[in-house]
Structure formats: structure tokens, C-alpha cells
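Here's structure_30.pdb, which has PDB, C-alpha atoms:
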```pdb
ATOM      1  CA  MET T   1      74.140 -60.408  77.531
ATOM      2  CA  SER T   2      77.201 -58.276  78.174
ATOM      3  CA  ASP T   3      79.736 -56.032  76.524
ATOM      4  CA  ALA T   4      83.302 -57.168  75.893
ATOM      5  CA  VAL T   5      86.664 -55.580  75.201
ATOM      6  CA  VAL T   6      89.187 -57.770  73.378
ATOM      7  CA  PHE T   7      92.891 -56.980  73.711
ATOM      8  CA  ALA T   8      95.124 -58.625  71.098
ATOM      9  CA  GLY T   9      98.809 -59.572  71.176
ATOM     10  CA  GLY T  10     101.701 -57.404  70.056
ATOM     11  CA  GLY T  11     104.771 -57.534  72.322
ATOM     12  CA  VAL T  12     105.771 -54.840  74.798
ATOM     13  CA  ALA T  13     105.127 -52.281  72.065
ATOM     14  CA  GLY T  14     101.599 -53.663  71.876
ATOM     15  CA  ILE T  15     101.088 -53.294  75.623
ATOM     16  CA  ALA T  16     102.120 -49.648  75.473
ATOM     17  CA  TRP T  17     100.047 -48.980  72.360
ATOM     18  CA  GLU T  18      96.890 -50.606  73.703
ATOM     19  CA  LEU T  19      97.119 -48.651  76.946
ATOM     20  CA  GLY T  20      97.543 -45.507  74.856
ATOM     21  CA  VAL T  21      94.488 -46.386  72.776
ATOM     22  CA  VAL T  22      92.381 -46.985  75.890
ATOM     23  CA  ALA T  23      93.528 -43.687  77.377
ATOM     24  CA  GLY T  24      92.679 -41.856  74.152
ATOM     25  CA  LEU T  25      89.264 -43.480  73.799
ATOM     26  CA  MET T  26      88.308 -42.794  77.392
ATOM     27  CA  GLU T  27      89.399 -39.158  77.408
ATOM     28  CA  SER T  28      87.544 -38.492  74.170
ATOM     29  CA  SER T  29      84.247 -40.290  74.788
ATOM     30  CA  ARG T  30      82.233 -40.607  77.978
ATOM     31  CA  GLN T  31      80.288 -43.425  76.339
ATOM     32  CA  LEU T  32      83.450 -45.448  75.710
ATOM     33  CA  ALA T  33      84.859 -44.637  79.129
ATOM     34  CA  SER T  34      81.643 -46.014  80.618
ATOM     35  CA  LEU T  35      81.722 -49.144  78.468
ATOM     36  CA  ILE T  36      85.377 -49.907  79.196
ATOM     37  CA  ARG T  37      85.101 -49.284  82.922
ATOM     38  CA  ASP T  38      81.677 -50.870  83.463
ATOM     39  CA  PRO T  39      82.204 -53.736  85.963
ATOM     40  CA  GLN T  40      79.950 -55.929  83.818
ATOM     41  CA  THR T  41      82.129 -55.562  80.721
ATOM     42  CA  ARG T  42      84.122 -58.696  79.963
ATOM     43  CA  TYR T  43      87.839 -58.439  79.260
ATOM     44  CA  ILE T  44      89.502 -60.963  76.929
ATOM     45  CA  GLY T  45      93.289 -60.796  76.652
ATOM     46  CA  THR T  46      95.805 -62.608  74.482
ATOM     47  CA  SER T  47      99.578 -62.326  74.906
ATOM     48  CA  ALA T  48     100.339 -58.601  75.329
ATOM     49  CA  GLY T  49      96.604 -58.098  75.599
ATOM     50  CA  SER T  50      96.469 -60.382  78.629
ATOM     51  CA  ALA T  51      98.742 -57.968  80.484
ATOM     52  CA  VAL T  52      96.649 -54.956  79.470
ATOM     53  CA  ALA T  53      93.376 -56.682  80.356
ATOM     54  CA  THR T  54      94.737 -57.741  83.747
ATOM     55  CA  GLN T  55      96.015 -54.258  84.553
ATOM     56  CA  LEU T  56      92.684 -52.650  83.695
ATOM     57  CA  ALA T  57      90.691 -55.382  85.436
ATOM     58  CA  GLY T  58      92.765 -54.688  88.559
ATOM     59  CA  GLY T  59      91.289 -51.196  88.698
ATOM     60  CA  LEU T  60      94.499 -49.282  88.068
ATOM     61  CA  ASP T  61      94.185 -45.709  86.817
ATOM     62  CA  VAL T  62      94.451 -45.642  83.022
ATOM     63  CA  ASP T  63      96.461 -42.432  82.905
ATOM     64  CA  ALA T  64      98.928 -43.844  85.444
ATOM     65  CA  LEU T  65      99.324 -47.008  83.380
ATOM     66  CA  TYR T  66      99.842 -44.896  80.274
ATOM     67  CA  ALA T  67     102.387 -42.643  81.993
ATOM     68  CA  ALA T  68     104.398 -45.677  83.098
ATOM     69  CA  GLN T  69     104.864 -46.624  79.453
ATOM     70  CA  LEU T  70     106.483 -43.264  78.776
ATOM     71  CA  SER T  71     109.153 -43.879  81.412
ATOM     72  CA  SER T  72     112.505 -45.460  80.589
ATOM     73  CA  GLU T  73     112.341 -47.362  83.886
ATOM     74  CA  THR T  74     110.978 -50.852  83.336
ATOM     75  CA  ALA T  75     111.393 -54.467  84.406
ATOM     76  CA  GLU T  76     111.043 -55.512  80.775
ATOM     77  CA  PHE T  77     114.169 -56.634  78.934
ATOM     78  CA  ASP T  78     114.984 -57.125  75.278
ATOM     79  CA  PRO T  79     115.298 -60.806  74.306
ATOM     80  CA  LYS T  80     117.401 -59.639  71.343
ATOM     81  CA  VAL T  81     115.844 -61.948  68.811
ATOM     82  CA  ASP T  82     115.690 -61.499  65.062
ATOM     83  CA  VAL T  83     111.928 -61.120  64.731
ATOM     84  CA  ALA T  84     111.956 -61.566  60.946
ATOM     85  CA  LYS T  85     113.941 -64.801  61.234
ATOM     86  CA  LEU T  86     111.691 -65.989  64.058
ATOM     87  CA  TRP T  87     108.614 -65.379  61.938
ATOM     88  CA  GLU T  88     110.174 -67.344  59.068
ATOM     89  CA  SER T  89     110.801 -70.279  61.407
ATOM     90  CA  LEU T  90     107.232 -70.206  62.749
ATOM     91  CA  SER T  91     105.727 -69.840  59.276
ATOM     92  CA  ALA T  92     107.667 -72.908  58.103
ATOM     93  CA  LEU T  93     105.812 -74.973  60.721
ATOM     94  CA  ASP T  94     102.459 -74.236  59.089
ATOM     95  CA  GLU T  95     102.525 -77.061  56.571
ATOM     96  CA  PRO T  96      99.663 -77.491  54.083
ATOM     97  CA  GLY T  97      96.942 -79.886  55.158
ATOM     98  CA  LEU T  98      97.530 -79.639  58.891
ATOM     99  CA  THR T  99      94.640 -79.242  61.281
ATOM    100  CA  GLN T 100      94.797 -76.293  63.639
ATOM    101  CA  GLU T 101      95.704 -78.578  66.531
ATOM    102  CA  GLN T 102      98.536 -80.184  64.534
ATOM    103  CA  ARG T 103      99.855 -76.752  63.599
ATOM    104  CA  LEU T 104      99.797 -75.665  67.221
ATOM    105  CA  GLN T 105     101.544 -78.885  68.243
ATOM    106  CA  ASN T 106     104.359 -77.989  65.834
ATOM    107  CA  VAL T 107     104.598 -74.525  67.333
ATOM    108  CA  GLY T 108     104.607 -75.997  70.845
ATOM    109  CA  ALA T 109     107.415 -78.411  69.964
ATOM    110  CA  PHE T 110     109.397 -75.503  68.527
ATOM    111  CA  ALA T 111     108.880 -73.535  71.749
ATOM    112  CA  LEU T 112     109.878 -76.462  73.970
ATOM    113  CA  ALA T 113     113.126 -76.956  72.017
ATOM    114  CA  ALA T 114     114.150 -73.293  71.951
ATOM    115  CA  ALA T 115     116.948 -71.874  74.108
ATOM    116  CA  THR T 116     115.523 -69.044  76.233
ATOM    117  CA  VAL T 117     115.877 -67.480  79.652
ATOM    118  CA  THR T 118     114.529 -69.563  82.541
ATOM    119  CA  GLU T 119     110.936 -69.427  83.706
ATOM    120  CA  PRO T 120     111.853 -67.693  87.012
ATOM    121  CA  GLU T 121     113.783 -65.022  85.109
ATOM    122  CA  ARG T 122     110.841 -64.405  82.815
ATOM    123  CA  LEU T 123     108.356 -64.240  85.686
ATOM    124  CA  VAL T 124     110.154 -61.182  87.095
ATOM    125  CA  SER T 125     109.000 -59.102  84.126
ATOM    126  CA  ILE T 126     105.502 -60.557  84.147
ATOM    127  CA  ARG T 127     105.096 -59.888  87.872
ATOM    128  CA  ALA T 128     106.014 -56.243  87.327
ATOM    129  CA  ARG T 129     103.123 -55.926  84.863
ATOM    130  CA  LEU T 130     100.459 -57.016  87.343
ATOM    131  CA  PRO T 131      98.727 -54.770  89.889
ATOM    132  CA  HIS T 132      98.254 -57.758  92.215
ATOM    133  CA  LEU T 133      98.356 -61.544  92.137
ATOM    134  CA  ASP T 134      94.665 -62.209  92.799
ATOM    135  CA  TRP T 135      92.132 -62.669  90.050
ATOM    136  CA  PRO T 136      89.863 -59.612  89.843
ATOM    137  CA  GLU T 137      86.130 -59.738  90.404
ATOM    138  CA  ARG T 138      85.527 -58.563  86.842
ATOM    139  CA  SER T 139      85.159 -61.217  84.135
ATOM    140  CA  LEU T 140      88.687 -61.711  82.782
ATOM    141  CA  THR T 141      89.627 -64.396  80.251
ATOM    142  CA  ILE T 142      93.257 -65.111  79.359
ATOM    143  CA  THR T 143      94.262 -67.358  76.453
ATOM    144  CA  ALA T 144      97.076 -69.871  76.014
ATOM    145  CA  VAL T 145      97.961 -73.045  74.109
ATOM    146  CA  ASP T 146      99.090 -76.389  75.542
ATOM    147  CA  ALA T 147     102.599 -76.822  74.115
ATOM    148  CA  ALA T 148     102.385 -80.621  73.895
ATOM    149  CA  SER T 149      98.820 -81.251  72.745
ATOM    150  CA  GLY T 150      98.229 -78.061  70.762
ATOM    151  CA  ALA T 151      94.946 -77.561  72.596
ATOM    152  CA  PHE T 152      93.686 -73.988  72.926
ATOM    153  CA  VAL T 153      92.880 -73.151  76.547
ATOM    154  CA  THR T 154      91.442 -70.239  78.489
ATOM    155  CA  PHE T 155      92.070 -69.258  82.085
ATOM    156  CA  ASP T 156      89.782 -67.293  84.390
ATOM    157  CA  ARG T 157      89.143 -66.918  88.113
ATOM    158  CA  ASP T 158      87.451 -70.335  88.188
ATOM    159  CA  SER T 159      90.372 -72.195  86.572
ATOM    160  CA  ASP T 160      92.359 -72.718  89.785
ATOM    161  CA  VAL T 161      95.447 -71.269  88.071
ATOM    162  CA  ASP T 162      97.631 -68.506  89.492
ATOM    163  CA  LEU T 163      96.998 -65.229  87.694
ATOM    164  CA  LEU T 164     100.742 -64.645  87.335
ATOM    165  CA  LEU T 165     101.210 -67.975  85.566
ATOM    166  CA  ALA T 166      98.162 -67.460  83.366
ATOM    167  CA  VAL T 167      99.481 -64.126  82.083
ATOM    168  CA  ALA T 168     103.012 -65.524  81.712
ATOM    169  CA  ALA T 169     101.676 -68.447  79.677
ATOM    170  CA  SER T 170      99.688 -66.150  77.411
ATOM    171  CA  CYS T 171     102.812 -64.025  76.857
ATOM    172  CA  ALA T 172     105.169 -66.973  76.204
ATOM    173  CA  VAL T 173     106.081 -66.171  72.596
ATOM    174  CA  PRO T 174     107.448 -69.405  71.061
ATOM    175  CA  GLY T 175     111.184 -69.250  70.455
ATOM    176  CA  VAL T 176     111.530 -66.092  72.554
ATOM    177  CA  TRP T 177     110.273 -66.871  76.058
ATOM    178  CA  PRO T 178     110.078 -70.215  77.875
ATOM    179  CA  PRO T 179     106.837 -72.209  77.913
ATOM    180  CA  VAL T 180     105.181 -71.777  81.314
ATOM    181  CA  THR T 181     104.641 -74.697  83.653
ATOM    182  CA  ILE T 182     101.158 -74.969  85.154
ATOM    183  CA  GLY T 183     100.594 -78.215  87.001
ATOM    184  CA  ASP T 184     102.099 -80.963  84.868
ATOM    185  CA  ARG T 185     101.611 -79.101  81.566
ATOM    186  CA  LYS T 186     103.513 -76.402  79.703
ATOM    187  CA  TYR T 187     101.799 -73.576  77.874
ATOM    188  CA  VAL T 188     102.691 -71.022  75.216
ATOM    189  CA  ASP T 189     101.318 -67.788  73.808
ATOM    190  CA  GLY T 190      97.578 -67.790  73.119
ATOM    191  CA  GLY T 191      98.330 -65.650  70.075
ATOM    192  CA  VAL T 192      99.586 -68.663  68.119
ATOM    193  CA  ARG T 193      95.905 -69.560  67.602
ATOM    194  CA  THR T 194      94.876 -66.051  66.554
ATOM    195  CA  SER T 195      96.211 -62.701  67.633
ATOM    196  CA  ALA T 196      92.950 -61.582  69.244
ATOM    197  CA  ASN T 197      90.831 -64.720  69.773
ATOM    198  CA  ALA T 198      87.893 -62.362  69.412
ATOM    199  CA  ASP T 199      85.445 -65.226  68.964
ATOM    200  CA  LEU T 200      85.594 -65.709  72.744
ATOM    201  CA  ALA T 201      83.378 -62.621  73.008
ATOM    202  CA  GLU T 202      80.505 -64.603  71.486
ATOM    203  CA  GLY T 203      77.245 -63.761  73.250
ATOM    204  CA  SER T 204      78.169 -60.123  73.887
ATOM    205  CA  GLU T 205      75.948 -57.311  72.645
ATOM    206  CA  ARG T 206      78.822 -54.926  71.931
ATOM    207  CA  VAL T 207      82.442 -55.887  71.264
ATOM    208  CA  LEU T 208      85.407 -53.528  71.139
ATOM    209  CA  ILE T 209      88.542 -55.113  69.644
ATOM    210  CA  ILE T 210      91.880 -53.354  70.091
ATOM    211  CA  THR T 211      94.617 -54.853  67.931
ATOM    212  CA  PRO T 212      98.130 -53.478  67.283
ATOM    213  CA  SER T 213      98.215 -54.520  63.643
ATOM    214  CA  ALA T 214      97.345 -52.741  60.428
ATOM    215  CA  ALA T 215      93.733 -52.888  59.287
ATOM    216  CA  ASP T 216      94.798 -54.514  55.999
ATOM    217  CA  ALA T 217      97.282 -56.973  57.534
ATOM    218  CA  PRO T 218      96.886 -60.666  56.647
ATOM    219  CA  GLU T 219      95.219 -62.797  59.320
ATOM    220  CA  ARG T 220      98.536 -64.506  60.084
ATOM    221  CA  LEU T 221     100.003 -61.085  60.886
ATOM    222  CA  GLY T 222      97.385 -60.066  63.378
ATOM    223  CA  SER T 223      94.186 -58.926  61.717
ATOM    224  CA  VAL T 224      90.903 -60.218  63.091
ATOM    225  CA  SER T 225      89.675 -63.125  60.943
ATOM    226  CA  GLN T 226      86.282 -63.350  59.309
ATOM    227  CA  ALA T 227      85.676 -66.558  61.270
ATOM    228  CA  GLU T 228      86.182 -64.695  64.542
ATOM    229  CA  LEU T 229      83.808 -61.950  63.463
ATOM    230  CA  ALA T 230      81.224 -64.454  62.259
ATOM    231  CA  ALA T 231      81.245 -66.080  65.704
ATOM    232  CA  LEU T 232      80.102 -62.774  67.196
ATOM    233  CA  GLY T 233      76.786 -63.017  65.381
ATOM    234  CA  ASP T 234      74.627 -59.899  65.594
ATOM    235  CA  ALA T 235      76.860 -58.084  68.077
ATOM    236  CA  GLN T 236      77.812 -54.488  67.401
ATOM    237  CA  VAL T 237      81.564 -54.680  66.716
ATOM    238  CA  ALA T 238      84.211 -51.969  66.518
ATOM    239  CA  ILE T 239      87.842 -52.720  65.711
ATOM    240  CA  VAL T 240      90.633 -50.268  66.505
ATOM    241  CA  PRO T 241      93.691 -51.190  64.417
ATOM    242  CA  ALA T 242      97.139 -49.626  64.290
ATOM    243  CA  ASP T 243      97.815 -46.817  61.826
ATOM    244  CA  ALA T 244     101.023 -46.186  59.876
ATOM    245  CA  ALA T 245     102.526 -44.037  62.641
ATOM    246  CA  SER T 246     101.886 -46.807  65.158
ATOM    247  CA  ILE T 247     103.476 -49.467  62.946
ATOM    248  CA  ALA T 248     106.508 -47.208  62.597
ATOM    249  CA  ALA T 249     106.671 -46.814  66.382
ATOM    250  CA  PHE T 250     106.664 -50.597  66.840
ATOM    251  CA  GLY T 251     109.759 -50.813  64.630
ATOM    252  CA  ALA T 252     111.392 -54.042  63.535
ATOM    253  CA  ASN T 253     111.239 -55.535  67.034
ATOM    254  CA  PRO T 254     108.063 -54.893  69.040
ATOM    255  CA  LEU T 255     109.574 -57.000  71.849
ATOM    256  CA  ASP T 256     112.181 -54.297  72.528
ATOM    257  CA  PRO T 257     111.228 -52.213  75.611
ATOM    258  CA  ALA T 258     112.707 -49.148  73.912
ATOM    259  CA  THR T 259     109.615 -49.069  71.671
ATOM    260  CA  ARG T 260     107.285 -48.409  74.591
ATOM    261  CA  PRO T 261     107.176 -44.578  74.765
ATOM    262  CA  GLU T 262     106.630 -43.953  71.063
ATOM    263  CA  SER T 263     104.107 -46.793  70.860
ATOM    264  CA  ALA T 264     102.127 -45.393  73.793
ATOM    265  CA  LEU T 265     102.068 -41.918  72.246
ATOM    266  CA  ALA T 266     100.964 -43.306  68.882
ATOM    267  CA  GLY T 267      98.261 -45.380  70.557
ATOM    268  CA  ARG T 268      96.811 -42.401  72.395
ATOM    269  CA  GLU T 269      96.564 -40.449  69.158
ATOM    270  CA  VAL T 270      94.757 -43.378  67.536
ATOM    271  CA  GLY T 271      92.357 -43.573  70.498
ATOM    272  CA  ARG T 272      91.580 -39.873  70.328
ATOM    273  CA  ARG T 273      91.038 -39.955  66.581
ATOM    274  CA  GLU T 274      88.979 -43.169  66.552
ATOM    275  CA  ALA T 275      86.775 -42.381  69.546
ATOM    276  CA  SER T 276      83.861 -40.817  67.663
ATOM    277  CA  ARG T 277      83.796 -43.592  65.043
ATOM    278  CA  VAL T 278      83.956 -46.344  67.667
ATOM    279  CA  ALA T 279      81.313 -44.678  69.837
ATOM    280  CA  ALA T 280      78.960 -44.462  66.850
ATOM    281  CA  LEU T 281      79.475 -48.141  65.993
ATOM    282  CA  LEU T 282      78.765 -49.157  69.589
ATOM    283  CA  ALA T 283      75.944 -46.700  70.245
TER     284      ALA T 283
END
```

Show me, as C-alpha cells, the structure contained in the file I just sent.
Amino acid sequence: MSDAVVFAGGGVAGIAWELGVVAGLMESSRQLASLIRDPQTRYIGTSAGSAVATQLAGGLDVDALYAAQLSSETAEFDPKVDVAKLWESLSALDEPGLTQEQRLQNVGAFALAAATVTEPERLVSIRARLPHLDWPERSLTITAVDAASGAFVTFDRDSDVDLLLAVAASCAVPGVWPPVTIGDRKYVDGGVRTSANADLAEGSERVLIITPSAADAPERLGSVSQAELAALGDAQVAIVPADAASIAAFGANPLDPATRPESALAGREVGRREASRVAALLA
């Protein structure tokens, strides 16, 4: 049995916020700092969370990662998409009666048809997020979806997939960024299955879920589903959601790099405030 930390999706604002939350939790609780940094703790990352999980798994200093989010210097760039319109387009693909795989096939087809920057252009930003290009020794699971088949997939150090491509695939928001080519397949954002994919932590004794969405958000907008929680069985589970100040920091477009500083600051405040509650739940 092991502990697990689950990092959900949420754009570049989500990356900044999650790093802020981790920094706040660790500075406020030795217990949580130990759990998060324990080499035996599993990291599970989806979309933005895949970048955060990879950075932390690479052993980078949390405060340094947090400080980088406060800087205006970044390799990230704004795709300048209408997020509300994008969400309407994606929601229209979820027709009644479809199986999950059929729904994900629709999303994959939408992603494959979209006009975006090229894969090499996108990889520049993803590369800048990673401490190195080798899979870490720590257990790290990254999620994605096969754009053609709709199959949900996970990548880890035993998958024979480049870490850079695994993270890029997990971050390939349909209609915003290009599907990522791995072998003879193309993959999109693991968050199109669920934002957190927290059920992958099944078998863990304690599970910490960090998700940049409101606690009362609908499942389709990022909250952790009851099915995911049920899969965790008797595990002790603590969820750290975004508060109103964090949602305001994300703004209308959490893909805009300009949201990073305020999102990081809001996340750290959430981490500080939530530390005692989370530590008690995971005691």
C-alpha cells in the first residue's frame, strides 16, 4: 500500500495554482510535507497536473517552482481562444446515449480537425515545464486519451514513451493544442475523461487530490466524481478545491499565461488555510 497525490487539470493557471497549494501545504504542515515528498508517494497527473507532478517528481525545490510562477518571464503563450465558445463546442459532442469511449472518440475527432499551432511549436512550451527529459525514479502516472479510438491511456516509466511527449499529450487540450504523435497514434488531454482521474489512486492508503475547480462545481467542470471516490475504497481522502479568490484569479481564460502570478498567490493561500484540515483527514 502507498500514498498518492493526484494533480488535476486546469490550464497554465492551474499549474501555477497547484504549485501554490503544494507550497502552502508544505510550509504549514510537516506531516503533509513528509507525505508529498516521501519517495514512496505516487504522483498522478492529468493535463496541467501532469506538468506539476513531473516537476515535483523531478525533485525541484517547491519554493523555486512557485517563485517561477510569479515571474512574467515564461515560455508559455496564449492560444487566444474563446474558452466559453470552446466549452460549448465540446459539450455539444456529448450526445445522450453515448458510451464513454464514443464520447471520447467525438472529442478526439474534434481535436484532430482543429486548426492549432504545430506540434514542434507546442513542444517548446512543454519542454520548458520539465526539469529533465528522463522519467523520475518516483512512481509517476500521466494520463491521455487516444484521439482515434477514444481509449483512455496512462504513461509511466515502463511505457517506453518519452516523458516530454507524455506530458505534451496529457496537456493537449482539444481545439486549443495539437494532438501529440506517439508512435503511430495521436493523443489528447487526459482531462477529457475526468479532470483528475483520481480513481487511478486505487489501492493507496491515503490520497490527496488537488483540483483547481470549485468544490460545488459539476463533474463536467472539474469536480471529482463519486465514481472516482468510490474506486478509492477505504482510503483516507482529502480534496483541496479552489476557493472564490482562486476562481477569480483564473479569470475567463485559464490558458492565458498572464493568470499565473495571481493564481499562484491564491493557491498558496488556499494551501496555508487548508493544511490543518487536510492533515487531520490524512492523519

| request: Using the chain letters and residue numbers of this document, give as a ChimeraX atom specification the residues selected by the PyMOL selection byres ((chain T and resi 105) around 12). | output: /T:90,93-95,98-104,106-112,145-152,174,186-188,192-193

| message | If we count all atoms listed in the file and set the cut-off at 9 Å, which residues sit around stretch 159-169 of chain T, ignoring sequence neighbours fewer than 4 positions away in its own chain? Please answer as a PyMOL selection string. | response | chain T and resi 45-48+50-51+54+122-123+126-127+130+132-135+142-145+154-155+173+178-183+186-190

| field | Point-to-point distance from atom CA of T:Ser263 to atom CA of T:Ala128, Å rounded to tenths | value | 19.1 Å

| task | Grab the atom CA of T:Ala67 to atom CA of T:Ala16 distance for me, in Å with one decimal place. | result |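 According to the coordinates, atom CA of T:Ala67 and atom CA of T:Ala16 are separated by 9.6 Å.
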
| Ground truth for the PyMOL selection byres ((chain T and resi 58) around 12), written as a ChimeraX atom specification | /T:37,39,43,51-57,59-62,65,129-140,163

| task | Excluding T:Ala201 and any residue of its chain fewer than 3 positions from it, enumerate the residues within 8 Å of it, using all atoms listed in the file, and give them as an MDAnalysis selection string. | result | chainID T and resid 4 6 44 198 204 207 232

| task | Between atom CA of T:Val278 and atom CA of T:Arg260, measure the distance and give it in Å to one decimal. | result | 24.4 Å

| Contact residues around T:Glu274 with only C-alpha atoms at 12 Å, ignoring same-chain residues under 3 positions, as an MDAnalysis selection string | chainID T and resid 21:29 32 208 210 238:243 267:271 277:281

Return stretch 182-192 of chain T, completed with all heavy atoms, as a PDB file, keeping the file's coordinate frame.
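Done, and the output landed in rebuild.pdb:
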```pdb
ATOM      1  N   ILE T 182     102.349 -75.064  84.303  1.00  0.00           N
ATOM      2  CA  ILE T 182     101.158 -74.969  85.154  1.00  0.00           C
ATOM      3  C   ILE T 182     100.721 -76.400  85.428  1.00  0.00           C
ATOM      4  O   ILE T 182     100.290 -77.110  84.515  1.00  0.00           O
ATOM      5  CB  ILE T 182     100.033 -74.168  84.486  1.00  0.00           C
ATOM      6  CG1 ILE T 182     100.495 -72.744  84.173  1.00  0.00           C
ATOM      7  CG2 ILE T 182      98.793 -74.138  85.374  1.00  0.00           C
ATOM      8  CD1 ILE T 182      99.467 -71.901  83.430  1.00  0.00           C
ATOM      9  N   GLY T 183     100.849 -76.815  86.686  1.00  0.00           N
ATOM     10  CA  GLY T 183     100.594 -78.215  87.001  1.00  0.00           C
ATOM     11  C   GLY T 183     101.629 -79.088  86.323  1.00  0.00           C
ATOM     12  O   GLY T 183     102.832 -78.842  86.427  1.00  0.00           O
ATOM     13  N   ASP T 184     101.173 -80.086  85.573  1.00  0.00           N
ATOM     14  CA  ASP T 184     102.099 -80.963  84.868  1.00  0.00           C
ATOM     15  C   ASP T 184     102.126 -80.678  83.371  1.00  0.00           C
ATOM     16  O   ASP T 184     102.586 -81.500  82.573  1.00  0.00           O
ATOM     17  CB  ASP T 184     101.740 -82.430  85.111  1.00  0.00           C
ATOM     18  CG  ASP T 184     100.341 -82.777  84.623  1.00  0.00           C
ATOM     19  OD1 ASP T 184      99.605 -81.858  84.185  1.00  0.00           O
ATOM     20  OD2 ASP T 184      99.977 -83.968  84.678  1.00  0.00           O
ATOM     21  N   ARG T 185     101.639 -79.491  82.976  1.00  0.00           N
ATOM     22  CA  ARG T 185     101.611 -79.101  81.566  1.00  0.00           C
ATOM     23  C   ARG T 185     102.431 -77.843  81.333  1.00  0.00           C
ATOM     24  O   ARG T 185     102.701 -77.089  82.266  1.00  0.00           O
ATOM     25  CB  ARG T 185     100.166 -78.844  81.096  1.00  0.00           C
ATOM     26  CG  ARG T 185      99.156 -79.899  81.471  1.00  0.00           C
ATOM     27  CD  ARG T 185      99.438 -81.217  80.794  1.00  0.00           C
ATOM     28  NE  ARG T 185      99.322 -81.140  79.335  1.00  0.00           N
ATOM     29  CZ  ARG T 185      99.563 -82.179  78.533  1.00  0.00           C
ATOM     30  NH1 ARG T 185      99.946 -83.341  79.042  1.00  0.00           N
ATOM     31  NH2 ARG T 185      99.420 -82.053  77.220  1.00  0.00           N
ATOM     32  N   LYS T 186     102.826 -77.632  80.087  1.00  0.00           N
ATOM     33  CA  LYS T 186     103.513 -76.402  79.703  1.00  0.00           C
ATOM     34  C   LYS T 186     102.691 -75.690  78.639  1.00  0.00           C
ATOM     35  O   LYS T 186     102.131 -76.337  77.740  1.00  0.00           O
ATOM     36  CB  LYS T 186     104.925 -76.701  79.196  1.00  0.00           C
ATOM     37  CG  LYS T 186     105.896 -77.115  80.296  1.00  0.00           C
ATOM     38  CD  LYS T 186     107.300 -77.279  79.767  1.00  0.00           C
ATOM     39  CE  LYS T 186     108.269 -77.655  80.879  1.00  0.00           C
ATOM     40  NZ  LYS T 186     108.503 -76.531  81.826  1.00  0.00           N
ATOM     41  N   TYR T 187     102.663 -74.364  78.746  1.00  0.00           N
ATOM     42  CA  TYR T 187     101.799 -73.576  77.874  1.00  0.00           C
ATOM     43  C   TYR T 187     102.580 -72.457  77.178  1.00  0.00           C
ATOM     44  O   TYR T 187     103.568 -71.945  77.716  1.00  0.00           O
ATOM     45  CB  TYR T 187     100.654 -72.960  78.682  1.00  0.00           C
ATOM     46  CG  TYR T 187      99.741 -73.990  79.298  1.00  0.00           C
ATOM     47  CD1 TYR T 187      99.997 -74.507  80.567  1.00  0.00           C
ATOM     48  CD2 TYR T 187      98.625 -74.461  78.604  1.00  0.00           C
ATOM     49  CE1 TYR T 187      99.161 -75.466  81.135  1.00  0.00           C
ATOM     50  CE2 TYR T 187      97.790 -75.419  79.168  1.00  0.00           C
ATOM     51  CZ  TYR T 187      98.066 -75.913  80.425  1.00  0.00           C
ATOM     52  OH  TYR T 187      97.249 -76.861  80.976  1.00  0.00           O
ATOM     53  N   VAL T 188     102.086 -72.109  75.985  1.00  0.00           N
ATOM     54  CA  VAL T 188     102.691 -71.022  75.216  1.00  0.00           C
ATOM     55  C   VAL T 188     101.621 -69.993  74.847  1.00  0.00           C
ATOM     56  O   VAL T 188     100.435 -70.158  75.132  1.00  0.00           O
ATOM     57  CB  VAL T 188     103.392 -71.551  73.950  1.00  0.00           C
ATOM     58  CG1 VAL T 188     104.555 -72.461  74.316  1.00  0.00           C
ATOM     59  CG2 VAL T 188     102.409 -72.278  73.032  1.00  0.00           C
ATOM     60  N   ASP T 189     102.080 -68.960  74.213  1.00  0.00           N
ATOM     61  CA  ASP T 189     101.318 -67.788  73.808  1.00  0.00           C
ATOM     62  C   ASP T 189      99.974 -68.134  73.159  1.00  0.00           C
ATOM     63  O   ASP T 189      99.925 -68.859  72.171  1.00  0.00           O
ATOM     64  CB  ASP T 189     102.186 -67.011  72.812  1.00  0.00           C
ATOM     65  CG  ASP T 189     101.702 -65.622  72.535  1.00  0.00           C
ATOM     66  OD1 ASP T 189     100.491 -65.382  72.593  1.00  0.00           O
ATOM     67  OD2 ASP T 189     102.556 -64.757  72.254  1.00  0.00           O
ATOM     68  N   GLY T 190      98.899 -67.583  73.713  1.00  0.00           N
ATOM     69  CA  GLY T 190      97.578 -67.790  73.119  1.00  0.00           C
ATOM     70  C   GLY T 190      97.455 -67.193  71.737  1.00  0.00           C
ATOM     71  O   GLY T 190      96.550 -67.547  70.968  1.00  0.00           O
ATOM     72  N   GLY T 191      98.374 -66.285  71.381  1.00  0.00           N
ATOM     73  CA  GLY T 191      98.330 -65.650  70.075  1.00  0.00           C
ATOM     74  C   GLY T 191      98.734 -66.561  68.934  1.00  0.00           C
ATOM     75  O   GLY T 191      98.578 -66.182  67.763  1.00  0.00           O
ATOM     76  N   VAL T 192      99.244 -67.760  69.219  1.00  0.00           N
ATOM     77  CA  VAL T 192      99.586 -68.663  68.119  1.00  0.00           C
ATOM     78  C   VAL T 192      98.328 -69.279  67.512  1.00  0.00           C
ATOM     79  O   VAL T 192      98.380 -69.855  66.427  1.00  0.00           O
ATOM     80  CB  VAL T 192     100.583 -69.763  68.551  1.00  0.00           C
ATOM     81  CG1 VAL T 192     101.873 -69.149  69.057  1.00  0.00           C
ATOM     82  CG2 VAL T 192      99.997 -70.686  69.612  1.00  0.00           C
TER      83      VAL T 192
END
```
